[in-house]
file entry-v9.cif (mmCIF, N, CA and C atoms)
data_final
loop_
_atom_site.label_atom_id
_atom_site.label_comp_id
_atom_site.auth_asym_id
_atom_site.auth_seq_id
_atom_site.Cartn_x
_atom_site.Cartn_y
_atom_site.Cartn_z
N GLN A 1 86.78 110.07 105.46
CA GLN A 1 87.90 109.36 104.88
C GLN A 1 87.47 108.72 103.57
N VAL A 2 88.19 109.00 102.52
CA VAL A 2 87.89 108.44 101.21
C VAL A 2 88.60 107.11 101.06
N GLN A 3 87.85 106.10 100.70
CA GLN A 3 88.43 104.78 100.46
C GLN A 3 88.28 104.39 99.00
N LEU A 4 89.33 103.88 98.43
CA LEU A 4 89.33 103.32 97.08
C LEU A 4 89.65 101.84 97.21
N VAL A 5 88.71 101.01 96.81
CA VAL A 5 88.85 99.56 96.99
C VAL A 5 89.12 98.93 95.63
N GLU A 6 90.32 98.39 95.48
CA GLU A 6 90.76 97.81 94.21
C GLU A 6 90.60 96.30 94.21
N SER A 7 90.42 95.76 93.02
CA SER A 7 90.40 94.31 92.85
C SER A 7 90.75 93.98 91.41
N GLY A 8 91.08 92.70 91.18
CA GLY A 8 91.28 92.24 89.82
C GLY A 8 92.70 91.96 89.41
N GLY A 9 93.67 92.25 90.27
CA GLY A 9 95.04 91.94 89.92
C GLY A 9 95.29 90.44 89.95
N GLY A 10 96.48 90.05 89.50
CA GLY A 10 96.83 88.65 89.52
C GLY A 10 97.94 88.34 88.56
N LEU A 11 98.06 87.05 88.27
CA LEU A 11 99.11 86.54 87.38
C LEU A 11 98.49 86.15 86.05
N VAL A 12 99.12 86.60 84.97
CA VAL A 12 98.62 86.30 83.64
C VAL A 12 99.81 86.09 82.72
N GLN A 13 99.61 85.29 81.69
CA GLN A 13 100.67 85.08 80.71
C GLN A 13 100.72 86.23 79.72
N ALA A 14 101.88 86.42 79.14
CA ALA A 14 102.04 87.46 78.13
C ALA A 14 101.02 87.26 77.01
N GLY A 15 100.42 88.36 76.58
CA GLY A 15 99.38 88.30 75.57
C GLY A 15 97.98 88.21 76.14
N GLY A 16 97.89 87.96 77.43
CA GLY A 16 96.60 87.81 78.07
C GLY A 16 95.99 89.14 78.49
N SER A 17 94.87 89.05 79.21
CA SER A 17 94.11 90.23 79.61
C SER A 17 93.75 90.15 81.09
N LEU A 18 93.59 91.31 81.68
CA LEU A 18 93.07 91.44 83.04
C LEU A 18 92.20 92.69 83.09
N ARG A 19 91.25 92.67 84.02
CA ARG A 19 90.46 93.87 84.26
C ARG A 19 90.54 94.23 85.73
N LEU A 20 90.98 95.42 85.99
CA LEU A 20 91.05 95.94 87.35
C LEU A 20 89.81 96.77 87.64
N SER A 21 89.38 96.71 88.89
CA SER A 21 88.23 97.49 89.33
C SER A 21 88.61 98.33 90.54
N CYS A 22 87.97 99.47 90.65
CA CYS A 22 88.20 100.36 91.80
C CYS A 22 86.85 100.98 92.17
N ALA A 23 86.42 100.70 93.38
CA ALA A 23 85.13 101.20 93.84
C ALA A 23 85.32 102.22 94.96
N THR A 24 84.45 103.19 95.00
CA THR A 24 84.46 104.16 96.08
C THR A 24 83.02 104.59 96.35
N SER A 25 82.85 105.52 97.25
CA SER A 25 81.51 105.96 97.58
C SER A 25 80.91 106.79 96.46
N GLY A 26 79.61 106.83 96.40
CA GLY A 26 78.95 107.61 95.37
C GLY A 26 79.23 109.09 95.50
N ARG A 27 79.35 109.53 96.73
CA ARG A 27 79.60 110.96 96.97
C ARG A 27 80.93 111.37 96.34
N VAL A 28 81.91 110.51 96.42
CA VAL A 28 83.22 110.80 95.84
C VAL A 28 83.19 110.57 94.33
N PHE A 29 82.63 109.45 93.93
CA PHE A 29 82.68 109.05 92.53
C PHE A 29 82.02 110.05 91.62
N SER A 30 80.98 110.69 92.10
CA SER A 30 80.22 111.59 91.24
C SER A 30 81.00 112.86 90.89
N VAL A 31 82.00 113.20 91.65
CA VAL A 31 82.75 114.44 91.38
C VAL A 31 84.21 114.20 91.07
N ALA A 32 84.69 112.99 91.30
CA ALA A 32 86.12 112.73 91.16
C ALA A 32 86.53 112.43 89.73
N ALA A 33 87.75 112.80 89.41
CA ALA A 33 88.41 112.31 88.21
C ALA A 33 89.19 111.07 88.64
N MET A 34 88.85 109.94 88.07
CA MET A 34 89.43 108.66 88.48
C MET A 34 90.51 108.24 87.52
N GLY A 35 91.40 107.40 88.01
CA GLY A 35 92.46 106.92 87.14
C GLY A 35 93.26 105.81 87.78
N TRP A 36 94.26 105.35 87.05
CA TRP A 36 95.17 104.30 87.50
C TRP A 36 96.61 104.72 87.23
N TYR A 37 97.46 104.42 88.16
CA TYR A 37 98.90 104.57 88.02
C TYR A 37 99.54 103.24 88.36
N ARG A 38 100.79 103.08 88.01
CA ARG A 38 101.49 101.85 88.35
C ARG A 38 102.91 102.14 88.75
N GLN A 39 103.47 101.22 89.52
CA GLN A 39 104.85 101.34 89.94
C GLN A 39 105.51 99.98 89.91
N ALA A 40 106.53 99.87 89.09
CA ALA A 40 107.31 98.64 89.02
C ALA A 40 108.50 98.76 89.97
N PRO A 41 109.07 97.64 90.39
CA PRO A 41 110.21 97.68 91.31
C PRO A 41 111.35 98.52 90.76
N GLY A 42 111.84 99.43 91.56
CA GLY A 42 112.96 100.26 91.16
C GLY A 42 112.62 101.39 90.21
N LYS A 43 111.33 101.57 89.93
CA LYS A 43 110.92 102.62 89.00
C LYS A 43 109.96 103.59 89.68
N GLN A 44 109.81 104.75 89.07
CA GLN A 44 108.87 105.74 89.59
C GLN A 44 107.44 105.36 89.22
N ARG A 45 106.52 105.86 90.00
CA ARG A 45 105.12 105.65 89.68
C ARG A 45 104.80 106.41 88.40
N GLU A 46 104.03 105.75 87.52
CA GLU A 46 103.72 106.37 86.24
C GLU A 46 102.23 106.29 85.92
N LEU A 47 101.81 107.19 85.08
CA LEU A 47 100.42 107.23 84.65
C LEU A 47 100.10 106.02 83.78
N VAL A 48 98.97 105.38 84.09
CA VAL A 48 98.42 104.35 83.20
C VAL A 48 97.28 104.97 82.40
N ALA A 49 96.28 105.45 83.11
CA ALA A 49 95.13 106.09 82.46
C ALA A 49 94.42 106.94 83.50
N ALA A 50 93.92 108.08 83.07
CA ALA A 50 93.22 108.96 84.00
C ALA A 50 92.21 109.81 83.25
N GLU A 51 91.07 110.00 83.90
CA GLU A 51 90.05 110.85 83.34
C GLU A 51 90.53 112.30 83.33
N ALA A 52 90.22 112.98 82.24
CA ALA A 52 90.60 114.38 82.11
C ALA A 52 89.34 115.20 81.88
N SER A 53 89.52 116.48 81.76
CA SER A 53 88.38 117.37 81.58
C SER A 53 87.69 117.11 80.24
N GLY A 54 86.42 117.39 80.20
CA GLY A 54 85.67 117.24 78.97
C GLY A 54 85.35 115.80 78.61
N GLY A 55 85.53 114.90 79.55
CA GLY A 55 85.19 113.51 79.29
C GLY A 55 86.27 112.72 78.57
N SER A 56 87.42 113.32 78.38
CA SER A 56 88.50 112.60 77.70
C SER A 56 89.30 111.77 78.72
N THR A 57 90.19 110.96 78.20
CA THR A 57 91.05 110.12 79.04
C THR A 57 92.49 110.25 78.56
N ASN A 58 93.38 110.42 79.50
CA ASN A 58 94.81 110.42 79.20
C ASN A 58 95.38 109.04 79.46
N TYR A 59 96.18 108.55 78.56
CA TYR A 59 96.86 107.26 78.71
C TYR A 59 98.35 107.45 78.66
N GLY A 60 99.03 106.62 79.41
CA GLY A 60 100.47 106.57 79.26
C GLY A 60 100.84 106.07 77.88
N ASP A 61 101.97 106.50 77.37
CA ASP A 61 102.34 106.18 75.99
C ASP A 61 102.40 104.67 75.76
N LEU A 62 102.87 103.93 76.73
CA LEU A 62 103.03 102.49 76.55
C LEU A 62 101.70 101.74 76.63
N MET A 63 100.66 102.41 77.06
CA MET A 63 99.37 101.75 77.27
C MET A 63 98.37 102.04 76.15
N LYS A 64 98.65 103.02 75.34
CA LYS A 64 97.70 103.42 74.30
C LYS A 64 97.44 102.27 73.34
N GLY A 65 96.16 102.03 73.10
CA GLY A 65 95.76 100.96 72.20
C GLY A 65 95.62 99.62 72.87
N ARG A 66 96.12 99.48 74.08
CA ARG A 66 96.03 98.20 74.79
C ARG A 66 95.14 98.28 76.02
N PHE A 67 95.14 99.42 76.69
CA PHE A 67 94.39 99.59 77.93
C PHE A 67 93.22 100.53 77.70
N THR A 68 92.12 100.27 78.40
CA THR A 68 90.94 101.11 78.30
C THR A 68 90.39 101.41 79.68
N LEU A 69 90.20 102.67 79.95
CA LEU A 69 89.60 103.11 81.22
C LEU A 69 88.12 103.37 80.99
N SER A 70 87.29 102.89 81.92
CA SER A 70 85.86 103.15 81.81
C SER A 70 85.27 103.25 83.21
N ARG A 71 84.07 103.79 83.30
CA ARG A 71 83.41 103.91 84.59
C ARG A 71 81.97 103.46 84.49
N ASP A 72 81.49 102.91 85.61
CA ASP A 72 80.09 102.52 85.75
C ASP A 72 79.53 103.38 86.87
N ASN A 73 78.78 104.40 86.50
CA ASN A 73 78.27 105.33 87.51
C ASN A 73 77.27 104.68 88.46
N ALA A 74 76.55 103.69 87.97
CA ALA A 74 75.58 103.01 88.83
C ALA A 74 76.26 102.20 89.94
N LYS A 75 77.48 101.74 89.65
CA LYS A 75 78.22 100.92 90.62
C LYS A 75 79.34 101.70 91.32
N ASN A 76 79.47 102.97 91.00
CA ASN A 76 80.54 103.80 91.59
C ASN A 76 81.90 103.14 91.42
N THR A 77 82.12 102.61 90.25
CA THR A 77 83.32 101.83 89.99
C THR A 77 83.97 102.26 88.69
N VAL A 78 85.29 102.32 88.70
CA VAL A 78 86.06 102.56 87.49
C VAL A 78 86.82 101.28 87.16
N PHE A 79 86.93 101.00 85.87
CA PHE A 79 87.58 99.79 85.40
C PHE A 79 88.78 100.12 84.53
N LEU A 80 89.75 99.24 84.58
CA LEU A 80 90.89 99.32 83.67
C LEU A 80 90.98 97.98 82.96
N GLN A 81 90.61 97.96 81.71
CA GLN A 81 90.73 96.76 80.89
C GLN A 81 92.11 96.75 80.26
N MET A 82 92.87 95.71 80.52
CA MET A 82 94.24 95.61 80.03
C MET A 82 94.34 94.42 79.10
N ASN A 83 94.67 94.67 77.86
CA ASN A 83 94.81 93.61 76.85
C ASN A 83 96.25 93.56 76.36
N SER A 84 96.58 92.47 75.71
CA SER A 84 97.92 92.28 75.13
C SER A 84 99.00 92.59 76.16
N LEU A 85 98.84 92.03 77.32
CA LEU A 85 99.77 92.33 78.41
C LEU A 85 101.16 91.77 78.11
N GLU A 86 102.15 92.51 78.57
CA GLU A 86 103.55 92.17 78.36
C GLU A 86 104.24 92.07 79.72
N PRO A 87 105.32 91.33 79.79
CA PRO A 87 106.04 91.26 81.07
C PRO A 87 106.41 92.63 81.63
N GLU A 88 106.62 93.59 80.75
CA GLU A 88 106.95 94.95 81.18
C GLU A 88 105.78 95.66 81.87
N ASP A 89 104.61 95.09 81.80
CA ASP A 89 103.45 95.65 82.48
C ASP A 89 103.38 95.21 83.95
N THR A 90 104.26 94.33 84.33
CA THR A 90 104.29 93.86 85.71
C THR A 90 104.58 95.03 86.66
N ALA A 91 103.68 95.23 87.62
CA ALA A 91 103.80 96.36 88.54
C ALA A 91 102.68 96.27 89.57
N VAL A 92 102.76 97.13 90.56
CA VAL A 92 101.62 97.36 91.45
C VAL A 92 100.80 98.49 90.84
N TYR A 93 99.53 98.24 90.67
CA TYR A 93 98.64 99.22 90.06
C TYR A 93 97.81 99.89 91.16
N TYR A 94 97.77 101.21 91.11
CA TYR A 94 97.10 101.99 92.14
C TYR A 94 95.93 102.78 91.54
N CYS A 95 94.80 102.66 92.18
CA CYS A 95 93.66 103.49 91.82
C CYS A 95 93.89 104.88 92.39
N HIS A 96 93.45 105.88 91.65
CA HIS A 96 93.67 107.27 92.03
C HIS A 96 92.39 108.06 91.83
N ALA A 97 92.12 108.96 92.77
CA ALA A 97 90.98 109.86 92.65
C ALA A 97 91.41 111.25 93.06
N ILE A 98 90.97 112.22 92.30
CA ILE A 98 91.24 113.60 92.67
C ILE A 98 89.94 114.38 92.55
N LEU A 99 89.65 115.11 93.60
CA LEU A 99 88.41 115.87 93.65
C LEU A 99 88.65 117.29 93.17
N PRO A 100 87.62 117.99 92.75
CA PRO A 100 87.81 119.28 92.08
C PRO A 100 88.04 120.47 93.00
N TRP A 101 88.46 120.20 94.24
CA TRP A 101 88.60 121.30 95.20
C TRP A 101 90.03 121.59 95.58
N GLY A 102 90.96 121.01 94.90
CA GLY A 102 92.36 121.31 95.17
C GLY A 102 93.20 120.06 95.26
N ALA A 103 94.52 120.27 95.17
CA ALA A 103 95.46 119.15 95.14
C ALA A 103 95.43 118.35 96.43
N GLU A 104 95.02 118.96 97.52
CA GLU A 104 94.99 118.21 98.78
C GLU A 104 93.89 117.16 98.80
N TYR A 105 92.97 117.23 97.87
CA TYR A 105 91.90 116.24 97.79
C TYR A 105 92.26 115.16 96.77
N GLU A 106 93.39 114.51 97.03
CA GLU A 106 93.90 113.46 96.16
C GLU A 106 94.03 112.19 96.99
N TYR A 107 93.56 111.07 96.43
CA TYR A 107 93.51 109.84 97.19
C TYR A 107 94.03 108.68 96.36
N TRP A 108 94.58 107.68 97.09
CA TRP A 108 95.16 106.50 96.45
C TRP A 108 94.58 105.24 97.07
N GLY A 109 94.44 104.21 96.23
CA GLY A 109 94.10 102.91 96.74
C GLY A 109 95.33 102.22 97.32
N GLN A 110 95.12 101.03 97.83
CA GLN A 110 96.22 100.30 98.48
C GLN A 110 97.14 99.61 97.48
N GLY A 111 96.70 99.50 96.25
CA GLY A 111 97.50 98.87 95.21
C GLY A 111 97.13 97.42 95.00
N THR A 112 97.20 96.98 93.77
CA THR A 112 96.97 95.58 93.43
C THR A 112 98.07 95.11 92.49
N GLN A 113 98.60 93.94 92.77
CA GLN A 113 99.74 93.44 92.00
C GLN A 113 99.27 92.81 90.69
N VAL A 114 99.92 93.20 89.62
CA VAL A 114 99.73 92.57 88.32
C VAL A 114 101.08 91.99 87.89
N THR A 115 101.09 90.71 87.61
CA THR A 115 102.31 90.03 87.19
C THR A 115 102.05 89.35 85.85
N VAL A 116 102.89 89.67 84.88
CA VAL A 116 102.76 89.10 83.54
C VAL A 116 103.98 88.22 83.29
N SER A 117 103.73 86.95 83.07
CA SER A 117 104.83 86.01 82.84
C SER A 117 105.10 85.87 81.35
N SER A 118 106.34 85.61 81.03
CA SER A 118 106.72 85.48 79.61
C SER A 118 106.59 84.05 79.13
#
call {"tool": "encode", "arguments": {"input": "entry-v9.cif", "output": "structure tokens"}}
result
Amino acid sequence: QVQLVESGGGLVQAGGSLRLSCATSGRVFSVAAMGWYRQAPGKQRELVAAEASGGSTNYGDLMKGRFTLSRDNAKNTVFLQMNSLEPEDTAVYYCHAILPWGAEYEYWGQGTQVTVSS
């Protein structure tokens, strides 16, 4: 069973910053493409940032220039640094991992709430 353990959500004022963390086992982390998605009330889940082939990262259009995805291989952890947060960023953020053996090897964290006050 693959577990993704998220932390770092909370309440922040507009213009502030938060850093989300997602840890998993080394066996998974070494082969997985990691990322973050979010879902606001009444909206569909959307891409925040995700590792892509060749070491690149895909970002959602609204996150470009404000959010940064990074990984620490020694800690088996991926981070999402979120700057210049806006009330529209309020959502549950989900860590995501997909392994290179097919779509059935896709996993989600339990979600962490991020609330940005105006």
call {"tool": "resolve_selection", "arguments": {"input": "entry-v9.cif", "expression": "the PyMOL selection byres ((chain A and resi 59-61) around 8)", "output": "VMD selection string"}}
result
chain A and resid 46 to 51 56 to 58 62 to 65 67
call {"tool": "residues_around", "arguments": {"input": "entry-v9.cif", "residues": "Val114 in chain A", "least_positions_apart": "4", "cutoff": "6 Å", "atoms": "only C-alpha atoms", "output": "list in words"}}
result
Gly9, Gly10, Thr90 and Ala91 of chain A
call {"tool": "resolve_selection", "arguments": {"input": "entry-v9.cif", "expression": "the PyMOL selection byres (((chain A and resi 89 and name CA) around 10) and name CA)", "output": "PDB file with N, CA and C atoms, in the frame of the given file"}}
result
ATOM      1  N   ALA A  14     101.880  86.420  79.140  1.00  0.00           N
ATOM      2  CA  ALA A  14     102.040  87.460  78.130  1.00  0.00           C
ATOM      3  C   ALA A  14     101.020  87.260  77.010  1.00  0.00           C
ATOM      4  N   ARG A  38     100.790 103.080  88.010  1.00  0.00           N
ATOM      5  CA  ARG A  38     101.490 101.850  88.350  1.00  0.00           C
ATOM      6  C   ARG A  38     102.910 102.140  88.750  1.00  0.00           C
ATOM      7  N   GLN A  39     103.470 101.220  89.520  1.00  0.00           N
ATOM      8  CA  GLN A  39     104.850 101.340  89.940  1.00  0.00           C
ATOM      9  C   GLN A  39     105.510  99.980  89.910  1.00  0.00           C
ATOM     10  N   ALA A  40     106.530  99.870  89.090  1.00  0.00           N
ATOM     11  CA  ALA A  40     107.310  98.640  89.020  1.00  0.00           C
ATOM     12  C   ALA A  40     108.500  98.760  89.970  1.00  0.00           C
ATOM     13  N   LEU A  62     102.870 103.930  76.730  1.00  0.00           N
ATOM     14  CA  LEU A  62     103.030 102.490  76.550  1.00  0.00           C
ATOM     15  C   LEU A  62     101.700 101.740  76.630  1.00  0.00           C
ATOM     16  N   MET A  63     100.660 102.410  77.060  1.00  0.00           N
ATOM     17  CA  MET A  63      99.370 101.750  77.270  1.00  0.00           C
ATOM     18  C   MET A  63      98.370 102.040  76.150  1.00  0.00           C
ATOM     19  N   MET A  82      92.870  95.710  80.520  1.00  0.00           N
ATOM     20  CA  MET A  82      94.240  95.610  80.030  1.00  0.00           C
ATOM     21  C   MET A  82      94.340  94.420  79.100  1.00  0.00           C
ATOM     22  N   SER A  84      96.580  92.470  75.710  1.00  0.00           N
ATOM     23  CA  SER A  84      97.920  92.280  75.130  1.00  0.00           C
ATOM     24  C   SER A  84      99.000  92.590  76.160  1.00  0.00           C
ATOM     25  N   LEU A  85      98.840  92.030  77.320  1.00  0.00           N
ATOM     26  CA  LEU A  85      99.770  92.330  78.410  1.00  0.00           C
ATOM     27  C   LEU A  85     101.160  91.770  78.110  1.00  0.00           C
ATOM     28  N   GLU A  86     102.150  92.510  78.570  1.00  0.00           N
ATOM     29  CA  GLU A  86     103.550  92.170  78.360  1.00  0.00           C
ATOM     30  C   GLU A  86     104.240  92.070  79.720  1.00  0.00           C
ATOM     31  N   PRO A  87     105.320  91.330  79.790  1.00  0.00           N
ATOM     32  CA  PRO A  87     106.040  91.260  81.070  1.00  0.00           C
ATOM     33  C   PRO A  87     106.410  92.630  81.630  1.00  0.00           C
ATOM     34  N   GLU A  88     106.620  93.590  80.750  1.00  0.00           N
ATOM     35  CA  GLU A  88     106.950  94.950  81.180  1.00  0.00           C
ATOM     36  C   GLU A  88     105.780  95.660  81.870  1.00  0.00           C
ATOM     37  N   THR A  90     104.260  94.330  84.330  1.00  0.00           N
ATOM     38  CA  THR A  90     104.290  93.860  85.710  1.00  0.00           C
ATOM     39  C   THR A  90     104.580  95.030  86.660  1.00  0.00           C
ATOM     40  N   ALA A  91     103.680  95.230  87.620  1.00  0.00           N
ATOM     41  CA  ALA A  91     103.800  96.360  88.540  1.00  0.00           C
ATOM     42  C   ALA A  91     102.680  96.270  89.570  1.00  0.00           C
ATOM     43  N   VAL A  92     102.760  97.130  90.560  1.00  0.00           N
ATOM     44  CA  VAL A  92     101.620  97.360  91.450  1.00  0.00           C
ATOM     45  C   VAL A  92     100.800  98.490  90.840  1.00  0.00           C
ATOM     46  N   TYR A  93      99.530  98.240  90.670  1.00  0.00           N
ATOM     47  CA  TYR A  93      98.640  99.220  90.060  1.00  0.00           C
ATOM     48  C   TYR A  93      97.810  99.890  91.160  1.00  0.00           C
ATOM     49  N   VAL A 114      99.920  93.200  89.620  1.00  0.00           N
ATOM     50  CA  VAL A 114      99.730  92.570  88.320  1.00  0.00           C
ATOM     51  C   VAL A 114     101.080  91.990  87.890  1.00  0.00           C
ATOM     52  N   THR A 115     101.090  90.710  87.610  1.00  0.00           N
ATOM     53  CA  THR A 115     102.310  90.030  87.190  1.00  0.00           C
ATOM     54  C   THR A 115     102.050  89.350  85.850  1.00  0.00           C
ATOM     55  N   VAL A 116     102.890  89.670  84.880  1.00  0.00           N
ATOM     56  CA  VAL A 116     102.760  89.100  83.540  1.00  0.00           C
ATOM     57  C   VAL A 116     103.980  88.220  83.290  1.00  0.00           C
ATOM     58  N   SER A 117     103.730  86.950  83.070  1.00  0.00           N
ATOM     59  CA  SER A 117     104.830  86.010  82.840  1.00  0.00           C
ATOM     60  C   SER A 117     105.100  85.870  81.350  1.00  0.00           C
TER      61      SER A 117
END
call {"tool": "closest_residue", "arguments": {"input": "entry-v9.cif", "among": "A:Ser118, A:Arg71, A:Tyr37, A:Tyr107", "to": "Gly16 in chain A", "atoms": "only C-alpha atoms"}}
result
A:Ser118
call {"tool": "closest_atom_pairs", "arguments": {"input": "entry-v9.cif", "of": "range 37-77 of chain A", "to": "range 21-28 of chain A", "cutoff": "8 Å", "atoms": "only N, CA and C atoms", "output": "CSV"}}
result
residue,atom,partner,partner_atom,distance
A:Asn73,C,A:Gly26,CA,7.7
A:Lys75,C,A:Ala23,CA,6.3
A:Asn76,C,A:Thr24,N,4.4
A:Thr77,CA,A:Cys22,C,4.2
call {"tool": "atom_distance", "arguments": {"input": "entry-v9.cif", "atom1": "atom N of Val12 in chain A", "atom2": "atom C of Gln113 in chain A"}}
result
8.4 Å
call {"tool": "select_by_dssp", "arguments": {"input": "entry-v9.cif", "residues": "range 10-61 of chain A", "states": "strand (DSSP E)", "output": "list in words"}}
result
Gly10, Leu11, Val12, Gln13, Leu18, Arg19, Leu20, Ser21, Cys22, Ala23, Ala33, Met34, Gly35, Trp36, Tyr37, Arg38, Gln39, Glu46, Leu47, Val48, Ala49, Ala50, Glu51, Thr57, Asn58 and Tyr59 of chain A
call {"tool": "write_last_selection", "arguments": {"input": "entry-v9.cif", "atoms": "N, CA and C atoms", "output": "PDB file, in the coordinates of the input"}}
result
ATOM      1  N   GLY A  10      96.480  90.050  89.500  1.00  0.00           N
ATOM      2  CA  GLY A  10      96.830  88.650  89.520  1.00  0.00           C
ATOM      3  C   GLY A  10      97.940  88.340  88.560  1.00  0.00           C
ATOM      4  N   LEU A  11      98.060  87.050  88.270  1.00  0.00           N
ATOM      5  CA  LEU A  11      99.110  86.540  87.380  1.00  0.00           C
ATOM      6  C   LEU A  11      98.490  86.150  86.050  1.00  0.00           C
ATOM      7  N   VAL A  12      99.120  86.600  84.970  1.00  0.00           N
ATOM      8  CA  VAL A  12      98.620  86.300  83.640  1.00  0.00           C
ATOM      9  C   VAL A  12      99.810  86.090  82.720  1.00  0.00           C
ATOM     10  N   GLN A  13      99.610  85.290  81.690  1.00  0.00           N
ATOM     11  CA  GLN A  13     100.670  85.080  80.710  1.00  0.00           C
ATOM     12  C   GLN A  13     100.720  86.230  79.720  1.00  0.00           C
ATOM     13  N   LEU A  18      93.590  91.310  81.680  1.00  0.00           N
ATOM     14  CA  LEU A  18      93.070  91.440  83.040  1.00  0.00           C
ATOM     15  C   LEU A  18      92.200  92.690  83.090  1.00  0.00           C
ATOM     16  N   ARG A  19      91.250  92.670  84.020  1.00  0.00           N
ATOM     17  CA  ARG A  19      90.460  93.870  84.260  1.00  0.00           C
ATOM     18  C   ARG A  19      90.540  94.230  85.730  1.00  0.00           C
ATOM     19  N   LEU A  20      90.980  95.420  85.990  1.00  0.00           N
ATOM     20  CA  LEU A  20      91.050  95.940  87.350  1.00  0.00           C
ATOM     21  C   LEU A  20      89.810  96.770  87.640  1.00  0.00           C
ATOM     22  N   SER A  21      89.380  96.710  88.890  1.00  0.00           N
ATOM     23  CA  SER A  21      88.230  97.490  89.330  1.00  0.00           C
ATOM     24  C   SER A  21      88.610  98.330  90.540  1.00  0.00           C
ATOM     25  N   CYS A  22      87.970  99.470  90.650  1.00  0.00           N
ATOM     26  CA  CYS A  22      88.200 100.360  91.800  1.00  0.00           C
ATOM     27  C   CYS A  22      86.850 100.980  92.170  1.00  0.00           C
ATOM     28  N   ALA A  23      86.420 100.700  93.380  1.00  0.00           N
ATOM     29  CA  ALA A  23      85.130 101.200  93.840  1.00  0.00           C
ATOM     30  C   ALA A  23      85.320 102.220  94.960  1.00  0.00           C
ATOM     31  N   ALA A  33      87.750 112.800  89.410  1.00  0.00           N
ATOM     32  CA  ALA A  33      88.410 112.310  88.210  1.00  0.00           C
ATOM     33  C   ALA A  33      89.190 111.070  88.640  1.00  0.00           C
ATOM     34  N   MET A  34      88.850 109.940  88.070  1.00  0.00           N
ATOM     35  CA  MET A  34      89.430 108.660  88.480  1.00  0.00           C
ATOM     36  C   MET A  34      90.510 108.240  87.520  1.00  0.00           C
ATOM     37  N   GLY A  35      91.400 107.400  88.010  1.00  0.00           N
ATOM     38  CA  GLY A  35      92.460 106.920  87.140  1.00  0.00           C
ATOM     39  C   GLY A  35      93.260 105.810  87.780  1.00  0.00           C
ATOM     40  N   TRP A  36      94.260 105.350  87.050  1.00  0.00           N
ATOM     41  CA  TRP A  36      95.170 104.300  87.500  1.00  0.00           C
ATOM     42  C   TRP A  36      96.610 104.720  87.230  1.00  0.00           C
ATOM     43  N   TYR A  37      97.460 104.420  88.160  1.00  0.00           N
ATOM     44  CA  TYR A  37      98.900 104.570  88.020  1.00  0.00           C
ATOM     45  C   TYR A  37      99.540 103.240  88.360  1.00  0.00           C
ATOM     46  N   ARG A  38     100.790 103.080  88.010  1.00  0.00           N
ATOM     47  CA  ARG A  38     101.490 101.850  88.350  1.00  0.00           C
ATOM     48  C   ARG A  38     102.910 102.140  88.750  1.00  0.00           C
ATOM     49  N   GLN A  39     103.470 101.220  89.520  1.00  0.00           N
ATOM     50  CA  GLN A  39     104.850 101.340  89.940  1.00  0.00           C
ATOM     51  C   GLN A  39     105.510  99.980  89.910  1.00  0.00           C
ATOM     52  N   GLU A  46     104.030 105.750  87.520  1.00  0.00           N
ATOM     53  CA  GLU A  46     103.720 106.370  86.240  1.00  0.00           C
ATOM     54  C   GLU A  46     102.230 106.290  85.920  1.00  0.00           C
ATOM     55  N   LEU A  47     101.810 107.190  85.080  1.00  0.00           N
ATOM     56  CA  LEU A  47     100.420 107.230  84.650  1.00  0.00           C
ATOM     57  C   LEU A  47     100.100 106.020  83.780  1.00  0.00           C
ATOM     58  N   VAL A  48      98.970 105.380  84.090  1.00  0.00           N
ATOM     59  CA  VAL A  48      98.420 104.350  83.200  1.00  0.00           C
ATOM     60  C   VAL A  48      97.280 104.970  82.400  1.00  0.00           C
ATOM     61  N   ALA A  49      96.280 105.450  83.110  1.00  0.00           N
ATOM     62  CA  ALA A  49      95.130 106.090  82.460  1.00  0.00           C
ATOM     63  C   ALA A  49      94.420 106.940  83.500  1.00  0.00           C
ATOM     64  N   ALA A  50      93.920 108.080  83.070  1.00  0.00           N
ATOM     65  CA  ALA A  50      93.220 108.960  84.000  1.00  0.00           C
ATOM     66  C   ALA A  50      92.210 109.810  83.250  1.00  0.00           C
ATOM     67  N   GLU A  51      91.070 110.000  83.900  1.00  0.00           N
ATOM     68  CA  GLU A  51      90.050 110.850  83.340  1.00  0.00           C
ATOM     69  C   GLU A  51      90.530 112.300  83.330  1.00  0.00           C
ATOM     70  N   THR A  57      90.190 110.960  78.200  1.00  0.00           N
ATOM     71  CA  THR A  57      91.050 110.120  79.040  1.00  0.00           C
ATOM     72  C   THR A  57      92.490 110.250  78.560  1.00  0.00           C
ATOM     73  N   ASN A  58      93.380 110.420  79.500  1.00  0.00           N
ATOM     74  CA  ASN A  58      94.810 110.420  79.200  1.00  0.00           C
ATOM     75  C   ASN A  58      95.380 109.040  79.460  1.00  0.00           C
ATOM     76  N   TYR A  59      96.180 108.550  78.560  1.00  0.00           N
ATOM     77  CA  TYR A  59      96.860 107.260  78.710  1.00  0.00           C
ATOM     78  C   TYR A  59      98.350 107.450  78.660  1.00  0.00           C
TER      79      TYR A  59
END
call {"tool": "atom_distance", "arguments": {"input": "entry-v9.cif", "atom1": "CA of Glu6 in chain A", "atom2": "CA of Arg45 in chain A"}}
result
17.0 Å
call {"tool": "closest_residue", "arguments": {"input": "entry-v9.cif", "among": "A:Thr112, A:Ser53, A:Gln13, A:Asn83", "to": "Pro100 in chain A", "atoms": "only C-alpha atoms"}}
result
A:Ser53
call {"tool": "resolve_selection", "arguments": {"input": "entry-v9.cif", "expression": "the PyMOL selection byres ((chain A and resi 95) around 5)", "output": "JSON, numbers by chain"}}
result
{"A": [35, 36, 93, 94, 96, 97, 108, 109]}
call {"tool": "atom_distance", "arguments": {"input": "entry-v9.cif", "atom1": "atom N of Ala103 in chain A", "atom2": "atom N of Leu80 in chain A"}}
result
24.0 Å
call {"tool": "select_by_dssp", "arguments": {"input": "entry-v9.cif", "residues": "chain A", "states": "helix (DSSP H, G or I)", "output": "list in words"}}
result
Gly26, Arg27, Val28, Phe29, Ser53, Gly54, Gly55, Pro87, Glu88 and Asp89 of chain A
call {"tool": "closest_residue", "arguments": {"input": "entry-v9.cif", "among": "A:Ala74, A:Ala33, A:Leu20, A:Leu99", "to": "Ala52 in chain A", "atoms": "only C-alpha atoms"}}
result
A:Ala33
